[in-house]
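This is query.txt. It holds compact mmCIF, N, CA, C and O atoms.
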# COMPACT_ATOMS: atom_id res chain seq x y z
N ARG E 1 118.02 113.81 119.26
CA ARG E 1 118.64 114.96 119.89
C ARG E 1 118.14 115.10 121.32
O ARG E 1 117.02 114.75 121.62
N ASP E 2 119.01 115.62 122.15
CA ASP E 2 118.58 115.89 123.52
C ASP E 2 118.13 117.35 123.63
O ASP E 2 118.03 118.05 122.63
N ALA E 3 117.84 117.78 124.84
CA ALA E 3 117.32 119.13 125.07
C ALA E 3 118.30 120.22 124.64
O ALA E 3 117.89 121.34 124.32
N THR E 4 119.60 119.91 124.60
CA THR E 4 120.59 120.89 124.17
C THR E 4 120.81 120.88 122.67
O THR E 4 121.56 121.69 122.15
N GLY E 5 120.20 119.91 121.98
CA GLY E 5 120.38 119.78 120.54
C GLY E 5 121.46 118.80 120.15
O GLY E 5 121.70 118.57 118.96
N ALA E 6 122.14 118.21 121.14
CA ALA E 6 123.21 117.25 120.84
C ALA E 6 122.63 115.97 120.25
O ALA E 6 121.59 115.49 120.69
N LEU E 7 123.32 115.45 119.25
CA LEU E 7 122.90 114.20 118.62
C LEU E 7 123.31 113.01 119.48
O LEU E 7 124.36 113.02 120.12
N HIS E 8 122.49 111.97 119.46
CA HIS E 8 122.78 110.72 120.15
C HIS E 8 122.52 109.58 119.20
O HIS E 8 121.51 109.56 118.51
N ASP E 9 123.44 108.62 119.15
CA ASP E 9 123.25 107.39 118.39
C ASP E 9 122.89 106.28 119.35
O ASP E 9 123.54 106.12 120.39
N THR E 10 121.86 105.53 119.00
CA THR E 10 121.44 104.39 119.81
C THR E 10 121.20 103.22 118.88
O THR E 10 120.45 103.35 117.90
N ARG E 11 121.82 102.09 119.16
CA ARG E 11 121.61 100.89 118.36
C ARG E 11 120.41 100.14 118.93
O ARG E 11 120.40 99.81 120.12
N LEU E 12 119.44 99.88 118.06
CA LEU E 12 118.21 99.22 118.48
C LEU E 12 117.81 98.16 117.47
O LEU E 12 118.18 98.23 116.30
N TRP E 13 117.02 97.22 117.94
CA TRP E 13 116.44 96.24 117.04
C TRP E 13 115.21 96.85 116.39
O TRP E 13 114.52 97.68 116.99
N VAL E 14 114.91 96.41 115.19
CA VAL E 14 113.75 96.92 114.47
C VAL E 14 113.01 95.75 113.83
O VAL E 14 113.63 94.77 113.39
N VAL E 15 111.69 95.83 113.84
CA VAL E 15 110.85 94.85 113.15
C VAL E 15 109.86 95.62 112.27
O VAL E 15 109.62 96.80 112.47
N ASP E 16 109.30 94.92 111.30
CA ASP E 16 108.32 95.52 110.41
C ASP E 16 106.94 94.94 110.70
O ASP E 16 106.79 93.72 110.91
N HIS E 17 105.94 95.82 110.70
CA HIS E 17 104.56 95.39 110.95
C HIS E 17 103.59 96.43 110.40
O HIS E 17 103.78 97.63 110.64
N ALA E 18 102.59 95.97 109.67
CA ALA E 18 101.51 96.82 109.17
C ALA E 18 102.02 98.04 108.39
O ALA E 18 101.48 99.14 108.52
N GLY E 19 103.06 97.83 107.61
CA GLY E 19 103.58 98.90 106.76
C GLY E 19 104.52 99.89 107.44
O GLY E 19 104.90 100.89 106.83
N PHE E 20 104.87 99.63 108.70
CA PHE E 20 105.77 100.52 109.43
C PHE E 20 106.93 99.73 110.02
O PHE E 20 106.81 98.53 110.29
N ALA E 21 108.04 100.42 110.24
CA ALA E 21 109.13 99.88 111.05
C ALA E 21 108.79 100.21 112.50
O ALA E 21 108.19 101.25 112.80
N TRP E 22 109.17 99.29 113.41
CA TRP E 22 108.88 99.45 114.83
C TRP E 22 110.14 99.24 115.66
O TRP E 22 110.93 98.33 115.38
N LEU E 23 110.30 100.07 116.68
CA LEU E 23 111.31 99.89 117.71
C LEU E 23 110.58 99.47 118.97
O LEU E 23 109.36 99.53 119.04
N ARG E 24 111.34 99.11 119.99
CA ARG E 24 110.72 98.77 121.27
C ARG E 24 111.73 98.93 122.37
O ARG E 24 112.92 98.69 122.20
N THR E 25 111.24 99.37 123.52
CA THR E 25 112.08 99.39 124.71
C THR E 25 111.40 98.61 125.82
O THR E 25 110.18 98.66 125.97
N GLY E 26 112.19 97.88 126.56
CA GLY E 26 111.69 97.18 127.74
C GLY E 26 111.97 97.97 129.00
O GLY E 26 111.64 97.55 130.10
N GLU E 27 112.56 99.13 128.84
CA GLU E 27 112.95 99.98 129.97
C GLU E 27 112.19 101.30 129.89
O GLU E 27 112.49 102.16 129.06
N ALA E 28 111.19 101.46 130.74
CA ALA E 28 110.34 102.66 130.69
C ALA E 28 111.12 103.95 130.91
O ALA E 28 110.69 105.01 130.48
N HIS E 29 112.26 103.87 131.57
CA HIS E 29 113.05 105.07 131.88
C HIS E 29 114.34 105.13 131.07
O HIS E 29 115.28 105.82 131.47
N ALA E 30 114.37 104.44 129.94
CA ALA E 30 115.56 104.47 129.08
C ALA E 30 115.82 105.90 128.62
O ALA E 30 114.89 106.59 128.19
N PRO E 31 117.07 106.35 128.70
CA PRO E 31 117.38 107.72 128.27
C PRO E 31 116.97 108.00 126.82
O PRO E 31 116.47 109.09 126.52
N TRP E 32 117.14 107.02 125.93
CA TRP E 32 116.79 107.28 124.53
C TRP E 32 115.28 107.44 124.37
O TRP E 32 114.83 108.22 123.53
N LEU E 33 114.47 106.75 125.18
CA LEU E 33 113.02 106.90 125.11
C LEU E 33 112.61 108.29 125.61
O LEU E 33 111.73 108.93 125.02
N ALA E 34 113.24 108.76 126.66
CA ALA E 34 112.94 110.11 127.15
C ALA E 34 113.27 111.16 126.09
O ALA E 34 112.49 112.10 125.87
N ARG E 35 114.42 111.00 125.41
CA ARG E 35 114.77 111.94 124.34
C ARG E 35 113.76 111.87 123.20
O ARG E 35 113.35 112.89 122.65
N LEU E 36 113.35 110.66 122.86
CA LEU E 36 112.38 110.48 121.78
C LEU E 36 111.03 111.11 122.13
O LEU E 36 110.40 111.75 121.29
N ARG E 37 110.59 110.96 123.37
CA ARG E 37 109.32 111.57 123.77
C ARG E 37 109.40 113.10 123.72
O ARG E 37 108.45 113.77 123.35
N ALA E 38 110.56 113.64 124.06
CA ALA E 38 110.75 115.10 124.03
C ALA E 38 110.88 115.62 122.60
O ALA E 38 110.47 116.74 122.30
N ASN E 39 111.49 114.83 121.73
CA ASN E 39 111.70 115.23 120.34
C ASN E 39 111.49 114.01 119.45
O ASN E 39 112.44 113.26 119.20
N PRO E 40 110.27 113.79 118.96
CA PRO E 40 109.98 112.57 118.20
C PRO E 40 110.51 112.55 116.78
O PRO E 40 110.36 111.54 116.09
N GLU E 41 111.13 113.62 116.33
CA GLU E 41 111.71 113.63 114.99
C GLU E 41 113.08 112.95 115.06
O GLU E 41 113.99 113.44 115.71
N VAL E 42 113.19 111.78 114.40
CA VAL E 42 114.42 110.99 114.48
C VAL E 42 114.88 110.60 113.09
O VAL E 42 114.11 110.66 112.13
N THR E 43 116.14 110.22 113.00
CA THR E 43 116.64 109.60 111.77
C THR E 43 117.12 108.21 112.14
O THR E 43 117.67 107.98 113.23
N VAL E 44 116.87 107.28 111.23
CA VAL E 44 117.22 105.88 111.45
C VAL E 44 118.02 105.42 110.24
O VAL E 44 117.63 105.65 109.09
N THR E 45 119.12 104.76 110.52
CA THR E 45 119.91 104.14 109.46
C THR E 45 119.63 102.65 109.51
O THR E 45 119.84 102.00 110.54
N ARG E 46 119.14 102.13 108.41
CA ARG E 46 118.78 100.72 108.34
C ARG E 46 119.18 100.20 106.97
O ARG E 46 118.80 100.77 105.95
N GLY E 47 119.96 99.15 106.96
CA GLY E 47 120.43 98.61 105.69
C GLY E 47 121.26 99.62 104.91
O GLY E 47 121.23 99.63 103.69
N GLY E 48 121.97 100.48 105.64
CA GLY E 48 122.82 101.48 105.01
C GLY E 48 122.08 102.71 104.51
O GLY E 48 122.68 103.64 104.01
N GLU E 49 120.75 102.73 104.64
CA GLU E 49 119.96 103.87 104.20
C GLU E 49 119.46 104.67 105.40
O GLU E 49 118.89 104.12 106.33
N ARG E 50 119.68 105.98 105.36
CA ARG E 50 119.28 106.88 106.45
C ARG E 50 117.99 107.59 106.05
O ARG E 50 117.93 108.20 104.99
N ARG E 51 116.96 107.52 106.95
CA ARG E 51 115.67 108.14 106.66
C ARG E 51 115.15 108.87 107.89
O ARG E 51 115.47 108.51 109.02
N ALA E 52 114.32 109.88 107.64
CA ALA E 52 113.71 110.65 108.71
C ALA E 52 112.34 110.07 109.06
O ALA E 52 111.58 109.65 108.18
N TYR E 53 112.05 110.07 110.37
CA TYR E 53 110.79 109.53 110.87
C TYR E 53 110.26 110.40 112.00
O TYR E 53 111.01 111.12 112.65
N ARG E 54 108.97 110.24 112.25
CA ARG E 54 108.35 110.70 113.49
C ARG E 54 108.12 109.44 114.30
O ARG E 54 107.46 108.52 113.85
N ALA E 55 108.70 109.38 115.49
CA ALA E 55 108.60 108.20 116.36
C ALA E 55 107.38 108.35 117.26
O ALA E 55 107.26 109.33 118.00
N VAL E 56 106.48 107.37 117.20
CA VAL E 56 105.22 107.44 117.93
C VAL E 56 105.12 106.27 118.90
O VAL E 56 104.89 105.13 118.48
N PRO E 57 105.30 106.50 120.20
CA PRO E 57 105.09 105.42 121.17
C PRO E 57 103.63 104.99 121.15
O PRO E 57 102.73 105.82 121.08
N VAL E 58 103.42 103.69 121.18
CA VAL E 58 102.07 103.12 121.14
C VAL E 58 101.89 102.30 122.41
O VAL E 58 102.65 101.38 122.67
N GLU E 59 100.89 102.65 123.19
CA GLU E 59 100.75 102.09 124.53
C GLU E 59 99.74 100.94 124.66
O GLU E 59 99.59 100.40 125.73
N ASP E 60 99.05 100.56 123.57
CA ASP E 60 98.01 99.55 123.75
C ASP E 60 98.58 98.13 123.81
O ASP E 60 99.60 97.81 123.20
N ALA E 61 97.92 97.29 124.58
CA ALA E 61 98.39 95.93 124.86
C ALA E 61 98.48 95.06 123.61
O ALA E 61 99.42 94.28 123.47
N ALA E 62 97.52 95.18 122.70
CA ALA E 62 97.53 94.33 121.51
C ALA E 62 98.75 94.62 120.64
O ALA E 62 99.41 93.69 120.15
N THR E 63 99.07 95.89 120.47
CA THR E 63 100.26 96.25 119.70
C THR E 63 101.51 95.77 120.41
O THR E 63 102.44 95.23 119.79
N ARG E 64 101.57 95.94 121.71
CA ARG E 64 102.73 95.49 122.50
C ARG E 64 102.94 93.99 122.30
O ARG E 64 104.06 93.54 122.04
N GLU E 65 101.89 93.21 122.39
CA GLU E 65 102.00 91.75 122.22
C GLU E 65 102.48 91.40 120.82
O GLU E 65 103.34 90.52 120.65
N THR E 66 101.96 92.09 119.80
CA THR E 66 102.37 91.82 118.43
C THR E 66 103.84 92.14 118.22
O THR E 66 104.59 91.33 117.66
N ILE E 67 104.28 93.30 118.67
CA ILE E 67 105.68 93.70 118.48
C ILE E 67 106.61 92.80 119.29
O ILE E 67 107.67 92.39 118.81
N ASN E 68 106.21 92.43 120.51
CA ASN E 68 107.01 91.49 121.30
C ASN E 68 107.16 90.16 120.56
O ASN E 68 108.26 89.58 120.53
N ALA E 69 106.08 89.66 119.98
CA ALA E 69 106.13 88.39 119.25
C ALA E 69 107.03 88.49 118.03
O ALA E 69 107.81 87.57 117.73
N LEU E 70 106.95 89.61 117.31
CA LEU E 70 107.81 89.80 116.15
C LEU E 70 109.28 89.91 116.54
O LEU E 70 110.16 89.39 115.83
N GLU E 71 109.56 90.58 117.65
CA GLU E 71 110.95 90.66 118.14
C GLU E 71 111.47 89.27 118.47
O GLU E 71 112.60 88.92 118.12
N LEU E 72 110.66 88.46 119.15
CA LEU E 72 111.07 87.11 119.50
C LEU E 72 111.30 86.27 118.26
O LEU E 72 112.28 85.54 118.15
N GLU E 73 110.41 86.38 117.28
CA GLU E 73 110.53 85.62 116.04
C GLU E 73 111.80 86.02 115.28
O GLU E 73 112.54 85.16 114.79
N LYS E 74 112.06 87.31 115.18
CA LYS E 74 113.20 87.79 114.39
C LYS E 74 114.53 87.58 115.10
O LYS E 74 115.52 87.20 114.48
N TYR E 75 114.58 87.85 116.41
CA TYR E 75 115.86 87.85 117.12
C TYR E 75 116.09 86.61 117.97
O TYR E 75 117.17 86.46 118.54
N GLY E 76 115.09 85.73 118.06
CA GLY E 76 115.24 84.42 118.66
C GLY E 76 115.92 84.39 120.01
O GLY E 76 115.46 85.01 120.96
N TRP E 77 117.01 83.63 120.08
CA TRP E 77 117.68 83.41 121.37
C TRP E 77 118.17 84.71 121.99
O TRP E 77 118.22 84.83 123.21
N ARG E 78 118.52 85.71 121.18
CA ARG E 78 118.98 86.99 121.75
C ARG E 78 117.85 87.67 122.53
O ARG E 78 118.07 88.22 123.60
N GLU E 79 116.64 87.61 121.97
CA GLU E 79 115.48 88.14 122.68
C GLU E 79 115.21 87.34 123.94
O GLU E 79 114.90 87.89 125.00
N SER E 80 115.35 86.03 123.84
CA SER E 80 115.14 85.17 125.02
C SER E 80 116.11 85.51 126.14
O SER E 80 115.73 85.52 127.31
N VAL E 81 117.35 85.81 125.79
CA VAL E 81 118.35 86.19 126.79
C VAL E 81 117.93 87.48 127.49
O VAL E 81 118.06 87.60 128.72
N LEU E 82 117.42 88.45 126.74
CA LEU E 82 116.94 89.69 127.37
C LEU E 82 115.83 89.40 128.37
O LEU E 82 115.81 89.95 129.47
N ARG E 83 114.94 88.51 127.99
CA ARG E 83 113.81 88.19 128.88
C ARG E 83 114.28 87.46 130.12
O ARG E 83 113.83 87.77 131.23
N VAL E 84 115.20 86.54 129.97
CA VAL E 84 115.75 85.83 131.13
C VAL E 84 116.51 86.82 132.02
O VAL E 84 116.48 86.72 133.24
N GLY E 85 117.14 87.80 131.40
CA GLY E 85 117.90 88.80 132.13
C GLY E 85 117.04 89.85 132.83
O GLY E 85 117.56 90.73 133.50
N GLY E 86 115.73 89.76 132.66
CA GLY E 86 114.86 90.66 133.40
C GLY E 86 114.00 91.59 132.57
O GLY E 86 113.18 92.33 133.12
N MET E 87 114.17 91.62 131.25
CA MET E 87 113.32 92.47 130.42
C MET E 87 111.92 91.86 130.39
O MET E 87 111.73 90.74 129.95
N ASP E 88 110.95 92.59 130.90
CA ASP E 88 109.57 92.11 130.96
C ASP E 88 108.81 92.60 129.74
O ASP E 88 108.53 93.81 129.62
N PRO E 89 108.44 91.71 128.80
CA PRO E 89 107.73 92.14 127.60
C PRO E 89 106.41 92.86 127.90
O PRO E 89 105.97 93.70 127.13
N ALA E 90 105.80 92.56 129.04
CA ALA E 90 104.53 93.20 129.40
C ALA E 90 104.71 94.69 129.68
O ALA E 90 103.76 95.46 129.60
N GLY E 91 105.93 95.11 129.98
CA GLY E 91 106.20 96.51 130.25
C GLY E 91 106.87 97.23 129.09
O GLY E 91 107.28 98.37 129.21
N ALA E 92 106.98 96.54 127.94
CA ALA E 92 107.65 97.12 126.78
C ALA E 92 106.82 98.24 126.18
O ALA E 92 105.59 98.26 126.28
N THR E 93 107.51 99.17 125.54
CA THR E 93 106.85 100.26 124.81
C THR E 93 107.22 100.14 123.34
O THR E 93 108.37 100.36 122.96
N PRO E 94 106.25 99.78 122.48
CA PRO E 94 106.52 99.76 121.04
C PRO E 94 106.50 101.19 120.49
O PRO E 94 105.73 102.03 120.96
N ILE E 95 107.33 101.43 119.49
CA ILE E 95 107.43 102.76 118.89
C ILE E 95 107.31 102.61 117.38
O ILE E 95 108.15 101.97 116.75
N ARG E 96 106.25 103.18 116.83
CA ARG E 96 106.02 103.13 115.39
C ARG E 96 106.81 104.26 114.72
O ARG E 96 106.78 105.41 115.19
N LEU E 97 107.52 103.94 113.65
CA LEU E 97 108.28 104.94 112.91
C LEU E 97 107.50 105.35 111.68
O LEU E 97 107.30 104.55 110.76
N GLU E 98 107.02 106.60 111.68
CA GLU E 98 106.23 107.12 110.56
C GLU E 98 107.15 107.99 109.68
O GLU E 98 107.69 108.99 110.17
N PRO E 99 107.36 107.58 108.42
CA PRO E 99 108.23 108.36 107.54
C PRO E 99 107.76 109.81 107.42
O PRO E 99 106.56 110.08 107.33
N THR E 100 108.72 110.73 107.42
CA THR E 100 108.38 112.15 107.29
C THR E 100 108.75 112.69 105.92
O THR E 100 108.44 113.84 105.62
N SER E 101 109.41 111.89 105.12
CA SER E 101 109.77 112.38 103.77
C SER E 101 109.44 111.34 102.74
O SER E 101 109.14 110.22 103.01
Represent the structure of the file as structure tokens.
Amino acid sequence: RDATGALHDTRLWVVDHAGFAWLRTGEAHAPWLARLRANPEVTVTRGGERRAYRAVPVEDAATRETINALELEKYGWRESVLRVGGMDPAGATPIRLEPTS
């Protein structure tokens, strides 16, 4: 939701690590990341199942490297295209999804 309460749908890649689902952005000023920081209560539909989460941005380098590697492993050439297109993995923000229900 944004500041007015309007819902927004954003399609994102997701990976699993250490018992959590993770999102990531390579754009520090992405509108969806700003909305998430303002309101970390989100719902995610994955595999046809919709669940509620608290989205927690994680800023440490080790986590960033792990999530970047998992994204590359899972999404392969598509991830490589993003990187060639200018997405810098060193500036990525991983987001841990903590179930709320």
Could you name the residues that touch Glu98 in chain E at 10 Å or less, counting only C-alpha atoms, but leaving out those on the same chain fewer than 3 positions away, as a list in words? Gly19, Phe20, Ala21, Trp22, Glu41, Val42, Ala52, Tyr53, Arg54, Ala55, Val56, Ile95 and Ser101 of chain E
For Glu65 in chain E, work out the shell of residues within 8 Å, counting all atoms listed in the file and skipping chain neighbours fewer than 6 positions away, then give it as a PyMOL selection string. chain E and resi 71-72+89-90+92+94
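Among the candidate residues E:Val81, E:Leu7, E:Ala18, E:Leu23, the one lying nearest to Asn68 in chain E is E:Leu23, with distances computed using only C-alpha atoms.
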d(CA of Thr100 in chain E, CA of Asp60 in chain E) in Å: 23.2 Å
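One finds CA of Val58 in chain E at 14.8 Å from CA of Val14 in chain E.
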E:Thr45, E:Thr25, E:Thr63, E:Asn39: which is nearest Asp88 in chain E, counting only N, CA, C and O atoms?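 Nearest to Asp88 in chain E: E:Thr25.
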Kindly indicate which residue among E:Val15, E:Leu33, E:Val44, E:Met87 lies nearest to Leu70 in chain E, using only N, CA, C and O atoms for the distances.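 Smallest separation from Leu70 in chain E among the options: E:Val15.
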Can you list, as an MDAnalysis selection string, every residue of chain E that DSSP puts in strand (DSSP E or B)? chainID E and resid 15:17 20:25 41:46 49:57 93:99
Take atom C of Trp77 in chain E and atom N of Thr10 in chain E and report the distance between them in Å, one decimal.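 Going from atom C of Trp77 in chain E over to atom N of Thr10 in chain E covers 21.4 Å.
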Test item: residues at most 8 Å from Asp2 in chain E, all atoms listed in the file, excluding those fewer than 3 positions along its chain, as JSON, numbers by chain: {"E": [5, 6, 7, 8, 31, 34, 35, 36, 38, 39]}
Next, the residues of the selection above should be written as a PDB file, in the frame of the given file with N, CA, C and O atoms.
ATOM      1  N   GLY E   5     120.200 119.910 121.980  1.00  0.00           N
ATOM      2  CA  GLY E   5     120.380 119.780 120.540  1.00  0.00           C
ATOM      3  C   GLY E   5     121.460 118.800 120.150  1.00  0.00           C
ATOM      4  O   GLY E   5     121.700 118.570 118.960  1.00  0.00           O
ATOM      5  N   ALA E   6     122.140 118.210 121.140  1.00  0.00           N
ATOM      6  CA  ALA E   6     123.210 117.250 120.840  1.00  0.00           C
ATOM      7  C   ALA E   6     122.630 115.970 120.250  1.00  0.00           C
ATOM      8  O   ALA E   6     121.590 115.490 120.690  1.00  0.00           O
ATOM      9  N   LEU E   7     123.320 115.450 119.250  1.00  0.00           N
ATOM     10  CA  LEU E   7     122.900 114.200 118.620  1.00  0.00           C
ATOM     11  C   LEU E   7     123.310 113.010 119.480  1.00  0.00           C
ATOM     12  O   LEU E   7     124.360 113.020 120.120  1.00  0.00           O
ATOM     13  N   HIS E   8     122.490 111.970 119.460  1.00  0.00           N
ATOM     14  CA  HIS E   8     122.780 110.720 120.150  1.00  0.00           C
ATOM     15  C   HIS E   8     122.520 109.580 119.200  1.00  0.00           C
ATOM     16  O   HIS E   8     121.510 109.560 118.510  1.00  0.00           O
ATOM     17  N   PRO E  31     117.070 106.350 128.700  1.00  0.00           N
ATOM     18  CA  PRO E  31     117.380 107.720 128.270  1.00  0.00           C
ATOM     19  C   PRO E  31     116.970 108.000 126.820  1.00  0.00           C
ATOM     20  O   PRO E  31     116.470 109.090 126.520  1.00  0.00           O
ATOM     21  N   ALA E  34     113.240 108.760 126.660  1.00  0.00           N
ATOM     22  CA  ALA E  34     112.940 110.110 127.150  1.00  0.00           C
ATOM     23  C   ALA E  34     113.270 111.160 126.090  1.00  0.00           C
ATOM     24  O   ALA E  34     112.490 112.100 125.870  1.00  0.00           O
ATOM     25  N   ARG E  35     114.420 111.000 125.410  1.00  0.00           N
ATOM     26  CA  ARG E  35     114.770 111.940 124.340  1.00  0.00           C
ATOM     27  C   ARG E  35     113.760 111.870 123.200  1.00  0.00           C
ATOM     28  O   ARG E  35     113.350 112.890 122.650  1.00  0.00           O
ATOM     29  N   LEU E  36     113.350 110.660 122.860  1.00  0.00           N
ATOM     30  CA  LEU E  36     112.380 110.480 121.780  1.00  0.00           C
ATOM     31  C   LEU E  36     111.030 111.110 122.130  1.00  0.00           C
ATOM     32  O   LEU E  36     110.400 111.750 121.290  1.00  0.00           O
ATOM     33  N   ALA E  38     110.560 113.640 124.060  1.00  0.00           N
ATOM     34  CA  ALA E  38     110.750 115.100 124.030  1.00  0.00           C
ATOM     35  C   ALA E  38     110.880 115.620 122.600  1.00  0.00           C
ATOM     36  O   ALA E  38     110.470 116.740 122.300  1.00  0.00           O
ATOM     37  N   ASN E  39     111.490 114.830 121.730  1.00  0.00           N
ATOM     38  CA  ASN E  39     111.700 115.230 120.340  1.00  0.00           C
ATOM     39  C   ASN E  39     111.490 114.010 119.450  1.00  0.00           C
ATOM     40  O   ASN E  39     112.440 113.260 119.200  1.00  0.00           O
TER      41      ASN E  39
END
Padding 5 Å on every side, please: axis-aligned box over the listed atoms of range 92-101 of chain E, centre and edge lengths to one decimal in Å, as JSON.
{"center_x": 107.7, "center_y": 105.2, "center_z": 115.3, "size_x": 14.2, "size_y": 27.3, "size_z": 35.2}
Restricting the calculation to all atoms listed in the file, which member of E:Trp13, E:Ala30, E:Pro57, E:Thr4 is positioned closest to Arg96 in chain E?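 Result for the nearest residue to Arg96 in chain E: E:Pro57.
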